[in-house]
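Participant: Contents are mmCIF, C-alpha atoms; file name upload.cif:
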data_run
#
loop_
_atom_site.label_atom_id
_atom_site.label_comp_id
_atom_site.auth_asym_id
_atom_site.auth_seq_id
_atom_site.Cartn_x
_atom_site.Cartn_y
_atom_site.Cartn_z
CA MET A 1 206.56 114.60 20.34
CA ARG A 2 208.21 114.72 16.91
CA LYS A 3 204.78 114.42 15.29
CA LYS A 4 203.40 117.27 17.41
CA ILE A 5 206.32 119.53 16.53
CA SER A 6 205.92 118.83 12.82
CA MET A 7 202.19 119.60 13.05
CA LEU A 8 202.90 122.90 14.79
CA ILE A 9 205.36 123.83 12.07
CA ALA A 10 202.87 122.87 9.37
CA SER A 11 200.11 124.88 11.06
CA SER A 12 202.33 127.94 11.19
CA LEU A 13 203.19 127.58 7.51
CA VAL A 14 199.48 127.48 6.68
CA ALA A 15 198.79 130.51 8.84
CA PHE A 16 201.36 132.59 6.99
CA GLY A 17 200.35 131.37 3.55
CA ILE A 18 203.48 129.31 2.92
CA LEU A 19 201.71 125.95 2.92
CA SER A 20 198.25 125.10 1.65
CA ALA A 21 195.77 123.74 4.17
CA SER A 22 195.13 120.87 1.77
CA ALA A 23 198.59 119.59 2.67
CA LEU A 24 197.63 119.16 6.32
CA PRO A 25 196.22 115.88 7.64
CA PHE A 26 192.42 115.81 7.79
CA SER A 27 192.60 115.34 11.56
CA HIS A 28 194.14 118.80 11.85
CA ILE A 29 191.38 120.38 9.75
CA GLN A 30 188.87 118.69 12.04
CA SER A 31 190.59 120.15 15.11
CA THR A 32 190.30 123.69 13.73
CA ALA A 33 186.59 123.12 13.17
CA GLN A 34 186.19 121.91 16.75
CA ALA A 35 187.82 125.10 18.02
CA ILE A 36 184.76 127.18 17.15
CA ALA A 37 182.09 124.51 16.54
CA ILE A 38 179.45 123.96 19.21
CA GLN A 39 179.75 120.33 20.31
CA ASP A 40 176.97 119.90 22.90
CA ASN A 41 173.19 119.48 22.54
CA ARG A 42 172.96 122.96 20.99
CA ALA A 43 174.35 121.28 17.88
CA THR A 44 171.15 119.26 17.42
CA ALA A 45 167.90 120.07 15.66
CA ASP A 46 165.93 118.79 18.65
CA TYR A 47 167.39 121.50 20.91
CA TRP A 48 166.24 124.34 18.66
CA VAL A 49 162.93 122.81 17.59
CA GLY A 50 162.15 122.21 21.26
CA LYS A 51 162.77 125.87 22.06
CA ASN A 52 160.61 127.07 19.16
CA LYS A 53 157.14 125.89 20.16
CA SER A 54 155.40 127.97 17.49
CA GLY A 55 157.88 126.90 14.84
CA GLU A 56 155.63 124.28 13.22
CA ALA A 57 153.30 126.98 11.90
CA VAL A 58 153.45 127.38 8.12
CA PHE A 59 154.61 130.91 7.26
CA ILE A 60 154.21 130.54 3.47
CA PRO A 61 151.25 128.35 2.42
CA THR A 62 151.92 126.02 -0.52
CA ALA A 63 149.36 127.92 -2.58
CA ASP A 64 151.42 131.12 -2.19
CA LEU A 65 154.82 129.66 -3.09
CA ASP A 66 154.47 130.36 -6.81
CA ARG A 67 153.71 134.00 -6.09
CA LEU A 68 156.64 134.29 -3.68
CA ASN A 69 159.03 132.67 -6.14
CA MET A 70 157.84 135.06 -8.83
CA GLN A 71 158.60 137.98 -6.52
CA ILE A 72 162.06 136.55 -5.81
CA GLN A 73 162.66 136.17 -9.53
CA GLN A 74 161.61 139.77 -10.20
CA LYS A 75 163.93 141.05 -7.46
CA SER A 76 166.86 138.93 -8.59
CA ALA A 77 167.84 141.28 -11.46
CA ASN A 78 167.57 138.45 -14.00
CA THR A 79 169.82 136.10 -12.02
CA ILE A 80 166.89 133.68 -11.73
CA VAL A 81 165.81 132.82 -15.26
CA ASP A 82 162.24 132.02 -16.27
CA LEU A 83 163.25 129.20 -18.59
CA ALA A 84 159.69 128.64 -19.86
CA LYS A 85 159.77 132.14 -21.42
CA TYR A 86 163.26 131.84 -22.88
CA PRO A 87 163.43 133.03 -26.53
CA ASP A 88 163.87 130.41 -29.24
CA LYS A 89 166.62 132.49 -30.86
CA VAL A 90 169.31 134.69 -29.33
CA TYR A 91 171.43 137.28 -31.06
CA THR A 92 175.02 138.49 -31.07
CA GLN A 93 174.90 140.98 -28.20
CA TRP A 94 172.83 138.66 -26.02
CA ILE A 95 175.42 135.90 -26.45
CA LYS A 96 178.36 138.25 -25.88
CA ASN A 97 176.74 139.58 -22.71
CA LYS A 98 176.36 136.03 -21.40
CA ILE A 99 180.01 135.16 -22.11
CA THR A 100 181.26 138.43 -20.62
CA ALA A 101 179.17 137.95 -17.48
CA THR A 102 180.80 134.58 -16.77
CA LEU A 103 184.26 136.06 -17.36
CA THR A 104 183.48 138.89 -14.96
CA ILE A 105 182.35 136.58 -12.16
CA GLY A 106 185.74 134.88 -12.22
CA LYS A 107 187.55 138.20 -12.87
CA PHE A 108 188.87 136.70 -16.09
CA GLN A 109 187.94 139.70 -18.24
CA ASP A 110 191.36 141.26 -17.49
CA ALA A 111 194.34 140.64 -19.74
CA ALA A 112 196.66 140.06 -16.79
CA VAL A 113 197.15 136.38 -15.95
CA PRO A 114 195.69 135.66 -12.49
CA LYS A 115 198.01 134.23 -9.85
CA LEU A 116 196.49 130.77 -9.93
CA PHE A 117 197.81 127.24 -10.34
CA LYS A 118 196.95 124.61 -12.93
CA ASN A 119 198.13 121.02 -12.41
CA GLY A 120 200.38 122.21 -9.59
CA ALA A 121 202.22 124.84 -11.66
CA PRO A 122 201.57 128.59 -12.10
CA LEU A 123 198.92 129.32 -14.70
CA THR A 124 200.64 130.39 -17.93
CA GLU A 125 199.67 133.21 -20.24
CA PHE A 126 199.15 130.64 -23.02
CA SER A 127 196.73 128.52 -20.95
CA TYR A 128 194.87 131.60 -19.76
CA ASN A 129 194.40 133.04 -23.23
CA GLN A 130 193.53 129.68 -24.79
CA ALA A 131 190.72 129.10 -22.29
CA LYS A 132 189.34 132.56 -22.97
CA LYS A 133 189.69 132.10 -26.71
CA ASN A 134 187.72 128.85 -26.44
CA CYS A 135 184.67 130.95 -25.44
CA GLY A 136 184.51 132.19 -29.03
CA LEU A 137 183.79 135.77 -27.97
CA GLU A 138 185.35 137.14 -31.16
CA ALA A 139 183.36 134.78 -33.41
CA VAL A 140 179.85 134.99 -31.99
CA PRO A 141 177.22 134.23 -34.67
CA ALA A 142 174.67 136.81 -35.67
CA VAL A 143 171.90 134.53 -34.46
CA SER A 144 171.79 131.23 -32.59
CA GLU A 145 168.80 128.92 -32.28
CA VAL A 146 168.80 127.66 -28.73
CA ARG A 147 168.77 123.94 -27.96
CA TYR A 148 167.27 122.13 -25.00
CA ALA A 149 169.06 119.71 -22.71
CA LEU A 150 168.97 118.02 -19.31
CA THR A 151 171.81 117.09 -17.03
CA ILE A 152 172.10 113.32 -16.62
CA ASP A 153 174.04 113.41 -13.34
CA ARG A 154 175.44 115.97 -10.92
CA THR A 155 177.27 118.31 -13.27
CA ASN A 156 179.85 121.06 -12.82
CA LEU A 157 179.05 124.44 -14.32
CA ARG A 158 182.26 126.27 -15.28
CA LEU A 159 183.12 129.94 -15.75
CA LEU A 160 185.29 129.07 -18.75
CA PRO A 161 185.17 126.09 -21.14
CA GLU A 162 188.10 124.43 -19.40
CA ALA A 163 188.08 121.07 -17.58
CA ASP A 164 191.29 121.46 -15.57
CA GLY A 165 191.04 123.36 -12.32
CA TRP A 166 192.65 126.73 -11.64
CA PHE A 167 193.48 126.71 -7.95
CA THR A 168 194.51 129.31 -5.41
CA GLY A 169 197.70 127.49 -4.39
CA LYS A 170 200.14 124.90 -5.67
CA ASP A 171 198.80 122.20 -3.35
CA ASP A 172 195.20 123.41 -3.27
CA THR A 173 192.56 120.95 -4.47
CA HIS A 174 189.45 122.55 -2.93
CA TYR A 175 189.14 126.07 -4.38
CA ASP A 176 188.93 125.82 -8.16
CA GLN A 177 188.32 129.36 -9.41
CA LEU A 178 186.68 128.07 -12.59
CA GLN A 179 183.97 126.32 -10.61
CA ALA A 180 180.69 128.27 -10.72
CA THR A 181 178.30 125.75 -9.18
CA ALA A 182 177.09 122.16 -9.41
CA LEU A 183 173.75 121.19 -10.94
CA ASP A 184 171.50 118.30 -9.98
CA PRO A 185 170.50 115.55 -12.41
CA CYS A 186 167.46 116.36 -14.57
CA GLU A 187 168.26 120.08 -14.46
CA PRO A 188 166.78 121.77 -17.55
CA LEU A 189 169.22 123.92 -19.53
CA VAL A 190 169.04 126.27 -22.49
CA VAL A 191 172.06 125.63 -24.74
CA ILE A 192 173.23 128.88 -26.30
CA LEU A 193 176.59 128.26 -27.97
CA ASP A 194 179.31 125.67 -28.59
CA SER A 195 182.84 126.33 -27.42
CA GLN A 196 185.38 126.58 -30.23
CA ASP A 197 186.73 123.09 -29.50
CA LYS A 198 183.15 121.70 -29.38
CA GLN A 199 183.83 120.06 -26.00
CA PHE A 200 181.67 122.50 -23.99
CA VAL A 201 178.45 124.42 -24.43
CA LEU A 202 177.39 127.75 -22.95
CA VAL A 203 174.14 127.25 -21.06
CA ASP A 204 171.59 129.11 -19.02
CA SER A 205 170.21 127.25 -16.01
CA ARG A 206 167.56 128.52 -13.62
CA TYR A 207 170.07 130.56 -11.64
CA TYR A 208 173.46 130.56 -13.36
CA THR A 209 175.10 130.93 -16.77
CA GLY A 210 178.22 128.94 -17.56
CA TRP A 211 179.95 126.21 -19.51
CA ILE A 212 179.21 122.47 -19.28
CA LYS A 213 180.83 119.52 -20.99
CA THR A 214 178.65 118.48 -23.93
CA SER A 215 179.11 114.83 -22.98
CA GLU A 216 177.31 115.41 -19.67
CA LEU A 217 174.04 116.51 -21.27
CA ALA A 218 171.07 114.78 -22.87
CA PHE A 219 169.53 116.85 -25.67
CA THR A 220 165.81 116.73 -26.22
CA ASP A 221 162.87 118.50 -27.83
CA LYS A 222 161.27 121.53 -26.21
CA GLN A 223 158.04 119.75 -25.26
CA THR A 224 159.86 117.04 -23.29
CA TRP A 225 162.19 119.64 -21.77
CA LEU A 226 159.28 121.74 -20.51
CA LYS A 227 158.13 118.84 -18.30
CA TYR A 228 161.32 119.37 -16.28
CA VAL A 229 161.12 123.17 -16.36
CA ASP A 230 157.70 123.16 -14.71
CA PRO A 231 157.09 119.70 -13.23
CA GLN A 232 153.50 119.08 -12.19
CA SER A 233 154.12 115.95 -10.14
CA TYR A 234 157.49 115.43 -8.51
CA LEU A 235 159.48 114.37 -5.47
CA THR A 236 161.86 116.71 -3.66
CA VAL A 237 165.05 115.31 -2.18
CA ILE A 238 165.06 116.29 1.51
CA ALA A 239 168.17 114.37 2.58
CA SER A 240 171.41 116.32 2.33
CA ARG A 241 172.31 114.03 -0.57
CA LYS A 242 170.78 111.06 -2.35
CA THR A 243 171.66 108.83 -5.27
CA ILE A 244 168.81 107.78 -7.60
CA PRO A 245 168.49 105.11 -8.83
CA HIS A 246 170.93 102.50 -7.56
CA GLY A 247 173.67 105.03 -6.92
CA LYS A 248 173.78 106.37 -10.47
CA ALA A 249 172.47 109.95 -10.20
CA TYR A 250 173.67 112.13 -7.33
CA TYR A 251 171.30 114.79 -5.94
CA GLN A 252 171.71 117.47 -3.31
CA MET A 253 168.87 118.54 -1.03
CA GLY A 254 166.11 120.29 -2.95
CA GLY A 255 166.61 118.42 -6.21
CA LYS A 256 163.41 117.47 -8.05
CA VAL A 257 162.59 114.03 -9.45
CA LEU A 258 159.69 113.59 -11.89
CA LEU A 259 156.94 111.15 -10.92
CA ARG A 260 155.34 108.77 -13.40
CA ALA A 261 152.37 108.25 -11.08
CA ASN A 262 150.89 110.67 -8.56
CA ASP A 263 150.35 108.07 -5.84
CA LEU A 264 152.48 105.47 -4.12
CA GLN A 265 152.64 102.09 -5.81
CA LYS A 266 151.17 98.98 -4.19
CA ASP A 267 154.58 97.98 -2.85
CA GLY A 268 154.97 101.41 -1.18
CA SER A 269 157.47 102.77 -3.72
CA TRP A 270 157.43 105.86 -5.91
CA ALA A 271 157.41 105.43 -9.71
CA ILE A 272 159.81 107.96 -11.25
CA SER A 273 161.38 108.85 -14.60
CA MET A 274 165.09 109.51 -15.11
CA PRO A 275 166.69 110.91 -18.27
CA THR A 276 169.56 108.92 -19.74
CA LEU A 277 171.54 109.16 -22.96
CA ASP A 278 170.74 106.93 -25.91
CA ALA A 279 173.26 105.93 -28.57
CA ASN A 280 172.66 109.20 -30.43
CA GLY A 281 173.23 111.42 -27.40
CA THR A 282 169.56 112.34 -27.05
CA ILE A 283 167.25 111.80 -24.12
CA SER A 284 165.80 108.46 -23.22
CA GLU A 285 163.48 108.54 -20.21
CA GLN A 286 163.87 105.41 -18.11
CA PRO A 287 161.28 104.24 -15.55
CA PHE A 288 162.45 103.35 -12.03
CA ASN A 289 160.89 102.73 -8.66
CA ILE A 290 162.45 104.10 -5.48
CA PRO A 291 161.50 103.60 -1.82
CA ASN A 292 159.30 106.07 0.02
CA ASP A 293 161.91 106.82 2.67
CA ASN A 294 162.88 109.91 4.67
CA ALA A 295 165.13 111.12 1.84
CA VAL A 296 162.29 112.29 -0.41
CA VAL A 297 158.89 113.91 -0.09
CA LYS A 298 156.14 114.49 -2.62
CA GLY A 299 156.04 118.15 -3.61
CA ALA A 300 157.93 120.07 -0.92
CA LEU A 301 158.09 120.15 2.86
CA ALA A 302 155.77 122.48 4.71
CA CYS A 303 157.33 125.93 4.87
CA SER A 304 157.88 126.34 8.61
CA GLU A 305 160.70 127.63 10.81
CA ASN A 306 161.22 124.23 12.40
CA ASN A 307 161.41 122.49 9.04
CA LEU A 308 164.13 124.93 8.00
CA ILE A 309 166.03 124.05 11.17
CA ARG A 310 165.59 120.29 10.70
CA GLN A 311 166.74 120.54 7.10
CA ALA A 312 169.80 122.61 7.97
CA PHE A 313 170.92 120.03 10.54
CA ARG A 314 170.81 117.27 7.94
CA PHE A 315 174.04 118.81 6.61
CA LEU A 316 175.78 119.09 9.99
CA GLY A 317 179.35 117.79 9.92
CA GLU A 318 179.55 117.45 6.15
CA ASP A 319 182.39 118.98 4.18
CA TYR A 320 182.36 122.50 2.79
CA GLY A 321 182.37 122.38 -1.03
CA TRP A 322 183.45 125.49 -2.93
CA GLY A 323 181.00 125.92 -5.83
CA GLY A 324 179.69 122.42 -5.18
CA MET A 325 183.12 120.77 -5.27
CA ASP A 326 183.76 117.64 -3.20
CA LYS A 327 180.10 116.68 -3.71
CA SER A 328 179.02 119.20 -1.11
CA VAL A 329 177.86 122.77 -0.55
CA ASP A 330 179.39 126.15 0.17
CA CYS A 331 177.65 128.73 2.34
CA SER A 332 175.17 130.04 -0.24
CA ALA A 333 174.40 126.62 -1.73
CA PHE A 334 173.74 125.36 1.81
CA VAL A 335 171.01 127.91 2.51
CA GLN A 336 169.70 127.65 -1.06
CA ASP A 337 169.26 123.88 -0.68
CA VAL A 338 167.60 124.18 2.72
CA TYR A 339 165.15 126.78 1.44
CA ARG A 340 164.34 124.98 -1.80
CA SER A 341 163.44 121.86 0.20
CA VAL A 342 160.47 123.87 1.52
CA GLY A 343 159.69 125.24 -1.95
CA ILE A 344 161.46 128.64 -1.84
CA GLU A 345 163.81 129.20 -4.79
CA LEU A 346 166.70 131.50 -3.84
CA PRO A 347 169.43 132.76 -6.18
CA ARG A 348 172.74 130.90 -6.00
CA ASP A 349 175.18 133.54 -4.72
CA THR A 350 175.16 135.28 -1.33
CA SER A 351 175.04 138.84 -2.64
CA ARG A 352 172.05 137.99 -4.83
CA GLN A 353 170.28 136.11 -2.05
CA GLU A 354 170.53 139.13 0.22
CA LYS A 355 168.74 141.33 -2.33
CA VAL A 356 165.65 139.11 -2.73
CA MET A 357 164.59 138.65 0.89
CA THR A 358 161.06 140.02 1.28
CA GLN A 359 161.67 141.01 4.90
CA SER A 360 165.13 142.49 5.38
CA ILE A 361 166.62 144.56 8.18
CA SER A 362 169.86 146.38 7.40
CA ILE A 363 172.23 146.47 10.38
CA GLN A 364 175.26 147.65 8.42
CA ASN A 365 175.61 150.97 10.27
CA MET A 366 174.63 149.74 13.73
CA ASN A 367 176.92 149.33 16.70
CA HIS A 368 177.59 145.98 18.36
CA ALA A 369 174.80 146.27 20.93
CA GLN A 370 172.23 147.31 18.33
CA ARG A 371 173.22 144.43 16.05
CA LEU A 372 172.93 141.97 18.89
CA GLU A 373 169.46 143.22 19.79
CA ILE A 374 168.16 142.88 16.20
CA ILE A 375 169.64 139.41 15.70
CA LYS A 376 168.34 138.06 19.01
CA LYS A 377 164.80 139.11 18.04
CA SER A 378 164.99 137.48 14.60
CA LYS A 379 163.03 134.41 13.53
CA PRO A 380 164.74 131.00 13.60
CA GLY A 381 165.66 130.18 10.02
CA ALA A 382 166.42 133.81 9.15
CA LEU A 383 169.54 134.41 7.08
CA LEU A 384 172.45 136.50 8.36
CA PHE A 385 174.31 138.11 5.46
CA LEU A 386 177.82 139.54 5.38
CA PRO A 387 180.27 140.14 2.52
CA GLY A 388 181.04 136.75 0.97
CA HIS A 389 179.19 134.66 3.55
CA VAL A 390 175.71 133.73 4.77
CA MET A 391 174.57 131.90 7.91
CA MET A 392 171.23 130.56 9.15
CA TYR A 393 170.15 131.91 12.52
CA LEU A 394 168.97 129.24 14.95
CA GLY A 395 167.92 131.25 17.99
CA ASN A 396 169.35 132.12 21.39
CA ASP A 397 170.67 129.44 23.71
CA ALA A 398 169.91 129.20 27.43
CA ASN A 399 172.50 131.92 28.11
CA GLY A 400 170.96 134.28 25.58
CA GLU A 401 173.78 133.72 23.05
CA PRO A 402 172.64 133.83 19.40
CA LEU A 403 173.92 130.85 17.39
CA ALA A 404 173.96 130.03 13.68
CA ILE A 405 174.50 127.01 11.44
CA HIS A 406 176.55 127.54 8.30
CA ALA A 407 179.03 126.10 5.81
CA LEU A 408 182.31 127.66 6.86
CA SER A 409 185.53 127.68 4.86
CA SER A 410 187.91 129.38 7.31
CA TYR A 411 188.36 131.83 10.17
CA TYR A 412 191.23 133.69 11.84
CA THR A 413 192.87 133.90 15.23
CA PHE A 414 195.48 136.45 16.23
CA GLU A 415 198.70 136.26 18.19
CA ASN A 416 200.75 139.43 18.70
CA ASN A 417 198.51 141.04 16.07
CA GLN A 418 199.60 138.43 13.53
CA PRO A 419 196.74 136.68 11.72
CA ASN A 420 196.53 132.87 11.71
CA LYS A 421 194.15 131.45 9.13
CA HIS A 422 192.39 128.21 10.06
CA TYR A 423 190.65 126.14 7.39
CA VAL A 424 187.49 124.55 8.73
CA ARG A 425 185.67 123.36 5.60
CA LYS A 426 182.67 122.03 7.53
CA ILE A 427 178.98 122.68 8.12
CA LEU A 428 178.83 123.55 11.81
CA VAL A 429 177.04 125.43 14.56
CA SER A 430 178.86 128.39 16.07
CA ASP A 431 178.34 131.64 17.91
CA LEU A 432 178.97 134.94 16.13
CA HIS A 433 182.29 135.82 17.75
CA PHE A 434 184.84 134.14 15.47
CA LYS A 435 186.95 136.61 13.48
CA ASN A 436 187.86 137.53 9.93
CA LYS A 437 191.28 138.52 8.57
CA ASP A 438 190.80 142.11 9.81
CA ASN A 439 190.41 140.94 13.44
CA VAL A 440 186.69 141.81 13.41
CA GLU A 441 184.06 139.56 14.98
CA ILE A 442 181.61 138.14 12.45
CA ILE A 443 178.64 139.72 14.21
CA ASP A 444 180.13 143.14 13.45
CA ARG A 445 180.41 142.33 9.73
CA ILE A 446 176.78 141.26 9.25
CA THR A 447 175.06 143.62 6.84
CA SER A 448 171.46 142.43 7.07
CA VAL A 449 169.04 139.90 8.51
CA GLY A 450 166.57 138.49 5.99
CA ASN A 451 163.57 136.19 5.99
CA PHE A 452 160.16 135.68 4.37
#
Hey, can you dump this file as structure tokens for me?

Facilitator:
Amino acid sequence: MRKKISMLIASSLVAFGILSASALPFSHIQSTAQAIAIQDNRATADYWVGKNKSGEAVFIPTADLDRLNMQIQQKSANTIVDLAKYPDKVYTQWIKNKITATLTIGKFQDAAVPKLFKNGAPLTEFSYNQAKKNCGLEAVPAVSEVRYALTIDRTNLRLLPEADGWFTGKDDTHYDQLQATALDPCEPLVVILDSQDKQFVLVDSRYYTGWIKTSELAFTDKQTWLKYVDPQSYLTVIASRKTIPHGKAYYQMGGKVLLRANDLQKDGSWAISMPTLDANGTISEQPFNIPNDNAVVKGALACSENNLIRQAFRFLGEDYGWGGMDKSVDCSAFVQDVYRSVGIELPRDTSRQEKVMTQSISIQNMNHAQRLEIIKKSKPGALLFLPGHVMMYLGNDANGEPLAIHALSSYYTFENNQPNKHYVRKILVSDLHFKNKDNVEIIDRITSVGNF
């Protein structure tokens, strides 16, 4: 009884913002997930694949993927970068624009110190200004010759050249506001500028600009680098996560691994190449063999509705990872990884993803009944967008209820009109009735339904 009372007190403190959810036992976080998570056979890929008899049909042939990805890139307002066409030299304003863009994403362009916590204490004006000063915005060179690098393991991309996290609460360990995203091993990067302390570099990746520790990169020549920019023969990771080889390099779903040989070896393995650092900090490509298991596929999976569903369910039950923290995915990384496993390259952030869908229906000004009608007629695998969140539509269950799978951070319940915030931090299946902080059902916040 004493334990139950203490848990109720702790839950109330979380609800009113007095205590961080990270201070609660994991069992309590699980229980909040179970409150809205579907737990029966509707939380299986087999249920939805079985209902979608035409879902094995390929809706984007492999031959058309390059064209589609080019269209996505053109609609992404330069948030997806064509690295192969990147200039060899960049100039002052270009560099300043890149630095300013990363500051703006984190809302760090303002002089006022944000109400965040570093090492358990309020962020100080000195720490805030030092991190910004480390960008070197006031000392940008007139011209910079770009360098070429690859990540050698899963790597954090930061909004400022700062290793320590800036968190939303004193006890928070999950929502680092400096975390932009996480990159797979072998990710090709354009290196633009060194931080003032020389510990970080400003880089452009395929879909994000930010700062990476110099020690986490392998520098190489442009010709070698281009093999990773546009790989001709590769494996795609189709498990939610995989370490290659021997637990050394950690990939999320959709990561690409270069092949040394187009066909399986005599022992049934794949021959791959992995970049590692030599004594001089430059690339050394090491040969490895890995098993031909259900964690990888040559090229990409067939682009079908049912494959999207199967891939989404490979994440079910895993932790939510803000910006790729905790070796996991947030809502937009979740759908990005699922889609890239079938060869479709989406932007990283939700707002940008919404803008590049080739088939999009806006439901922003519709009433509840109209929204419901549109969603229920959507294709399985379609994306449901709302401010700050994205979900993958699965279909309608036997009762005609539309369900979605998504990486959810939190939701709200209300008692006497008082909001109670519940941290879920899981990939789960739910209906569309859970509520936000304004006591509005999620279905009534959806702005558009998008697919290809």

Participant: Applying the PyMOL selection byres ((chain A and resi 330-341) around 6) to the file I just gave you, which residues come out? Please list them as a list in words.

Facilitator: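 With the shown file as input, the PyMOL selection byres ((chain A and resi 330-341) around 6) matches Ile238, Met253, Gly254, Ala300, Gln311, Ala312, Tyr320, Gly321, Trp322, Val329, Val342, Gly343, Ile344, Glu345, Leu346, Asp349, Thr350, Val390 and Ala407 of chain A.
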
Participant: Grab the CA of Glu373 in chain A to CA of Pro387 in chain A distance for me, in Å with one decimal place.

Facilitator: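 Separation between CA of Glu373 in chain A and CA of Pro387 in chain A: 20.6 Å.
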
Participant: Taking all atoms listed in the file into account, which of A:Asp110, A:Asp397, A:Asp194, A:Asp164 comes nearest Ser127 in chain A?

Facilitator: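 Checking each of A:Asp110, A:Asp397, A:Asp194, A:Asp164 against Ser127 in chain A, counting all atoms listed in the file, the winner is A:Asp164.
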
Participant: If the PyMOL selection byres ((chain A and resi 92) around 10) is run on the structure shown, which residues does it catch, given as a list of chain:residue names?

Facilitator: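 With the shown file as input, the PyMOL selection byres ((chain A and resi 92) around 10) matches A:Val90, A:Tyr91, A:Gln93, A:Trp94, A:Ile95, A:Lys96, A:Asn97, A:Leu137, A:Ala139, A:Val140, A:Pro141, A:Ala142, A:Val143, A:Ser144.
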
Participant: Record the distance separating CA of Gln252 in chain A and CA of Thr358 in chain A, expressed in Å with one decimal.

Facilitator: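 If I compute the distance from CA of Gln252 in chain A to CA of Thr358 in chain A, I get 25.4 Å.
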
Participant: Please, what distance in Å, to one decimal, runs between CA of Asn292 in chain A and CA of Leu259 in chain A?

Facilitator: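 Here the two named atoms are 12.3 Å from each other.
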
Participant: Near range 195-205 of chain A, counting all atoms listed in the file, which residues have an atom at most 9 Å away, once you skip same-chain residues fewer than 2 positions from it, shown as a count of residues only?

Facilitator: 29

Participant: Going by the chain IDs and residue numbers used in this file, which residues fall under the PyMOL selection byres ((chain A and resi 84) around 9)? Write them as a ChimeraX atom specification.

Facilitator: /A:81-83,85-87,226,229-230

Participant: Save the residues we just selected, C-alpha atoms, as a JSON list (two decimals), in the coordinates of the input?

Facilitator:
[["chain", "number", "residue", "atom", "x", "y", "z"],
["A", 81, "VAL", "CA", 165.81, 132.82, -15.26],
["A", 82, "ASP", "CA", 162.24, 132.02, -16.27],
["A", 83, "LEU", "CA", 163.25, 129.20, -18.59],
["A", 85, "LYS", "CA", 159.77, 132.14, -21.42],
["A", 86, "TYR", "CA", 163.26, 131.84, -22.88],
["A", 87, "PRO", "CA", 163.43, 133.03, -26.53],
["A", 226, "LEU", "CA", 159.28, 121.74, -20.51],
["A", 229, "VAL", "CA", 161.12, 123.17, -16.36],
["A", 230, "ASP", "CA", 157.70, 123.16, -14.71]]

Participant: Where atoms are missing, can you supply N, CA and C atoms for range 325-337 of chain A and output the lot as a PDB file, keeping the file's coordinate frame?

Facilitator:
ATOM      1  N   MET A 325     182.050 121.759  -5.185  1.00  0.00           N
ATOM      2  CA  MET A 325     183.120 120.770  -5.270  1.00  0.00           C
ATOM      3  C   MET A 325     183.016 119.782  -4.115  1.00  0.00           C
ATOM      4  N   ASP A 326     183.735 118.680  -4.238  1.00  0.00           N
ATOM      5  CA  ASP A 326     183.760 117.640  -3.200  1.00  0.00           C
ATOM      6  C   ASP A 326     182.370 117.109  -2.871  1.00  0.00           C
ATOM      7  N   LYS A 327     181.482 117.171  -3.866  1.00  0.00           N
ATOM      8  CA  LYS A 327     180.100 116.680  -3.710  1.00  0.00           C
ATOM      9  C   LYS A 327     179.416 117.269  -2.477  1.00  0.00           C
ATOM     10  N   SER A 328     179.619 118.569  -2.282  1.00  0.00           N
ATOM     11  CA  SER A 328     179.020 119.200  -1.110  1.00  0.00           C
ATOM     12  C   SER A 328     178.609 120.628  -1.438  1.00  0.00           C
ATOM     13  N   VAL A 329     178.416 121.428  -0.406  1.00  0.00           N
ATOM     14  CA  VAL A 329     177.860 122.770  -0.550  1.00  0.00           C
ATOM     15  C   VAL A 329     178.796 123.804   0.059  1.00  0.00           C
ATOM     16  N   ASP A 330     178.776 125.013  -0.496  1.00  0.00           N
ATOM     17  CA  ASP A 330     179.390 126.150   0.170  1.00  0.00           C
ATOM     18  C   ASP A 330     178.294 126.890   0.926  1.00  0.00           C
ATOM     19  N   CYS A 331     178.606 128.073   1.444  1.00  0.00           N
ATOM     20  CA  CYS A 331     177.650 128.730   2.340  1.00  0.00           C
ATOM     21  C   CYS A 331     176.334 129.082   1.659  1.00  0.00           C
ATOM     22  N   SER A 332     176.397 129.622   0.431  1.00  0.00           N
ATOM     23  CA  SER A 332     175.170 130.040  -0.240  1.00  0.00           C
ATOM     24  C   SER A 332     174.391 128.859  -0.802  1.00  0.00           C
ATOM     25  N   ALA A 333     175.100 127.818  -1.262  1.00  0.00           N
ATOM     26  CA  ALA A 333     174.400 126.620  -1.730  1.00  0.00           C
ATOM     27  C   ALA A 333     173.714 125.910  -0.559  1.00  0.00           C
ATOM     28  N   PHE A 334     174.334 125.956   0.611  1.00  0.00           N
ATOM     29  CA  PHE A 334     173.740 125.360   1.810  1.00  0.00           C
ATOM     30  C   PHE A 334     172.375 125.967   2.104  1.00  0.00           C
ATOM     31  N   VAL A 335     172.304 127.299   2.190  1.00  0.00           N
ATOM     32  CA  VAL A 335     171.010 127.910   2.510  1.00  0.00           C
ATOM     33  C   VAL A 335     170.048 127.795   1.326  1.00  0.00           C
ATOM     34  N   GLN A 336     170.568 127.827   0.104  1.00  0.00           N
ATOM     35  CA  GLN A 336     169.700 127.650  -1.060  1.00  0.00           C
ATOM     36  C   GLN A 336     169.045 126.278  -1.022  1.00  0.00           C
ATOM     37  N   ASP A 337     169.809 125.233  -0.724  1.00  0.00           N
ATOM     38  CA  ASP A 337     169.260 123.880  -0.680  1.00  0.00           C
ATOM     39  C   ASP A 337     168.235 123.722   0.434  1.00  0.00           C
TER      40      ASP A 337
END
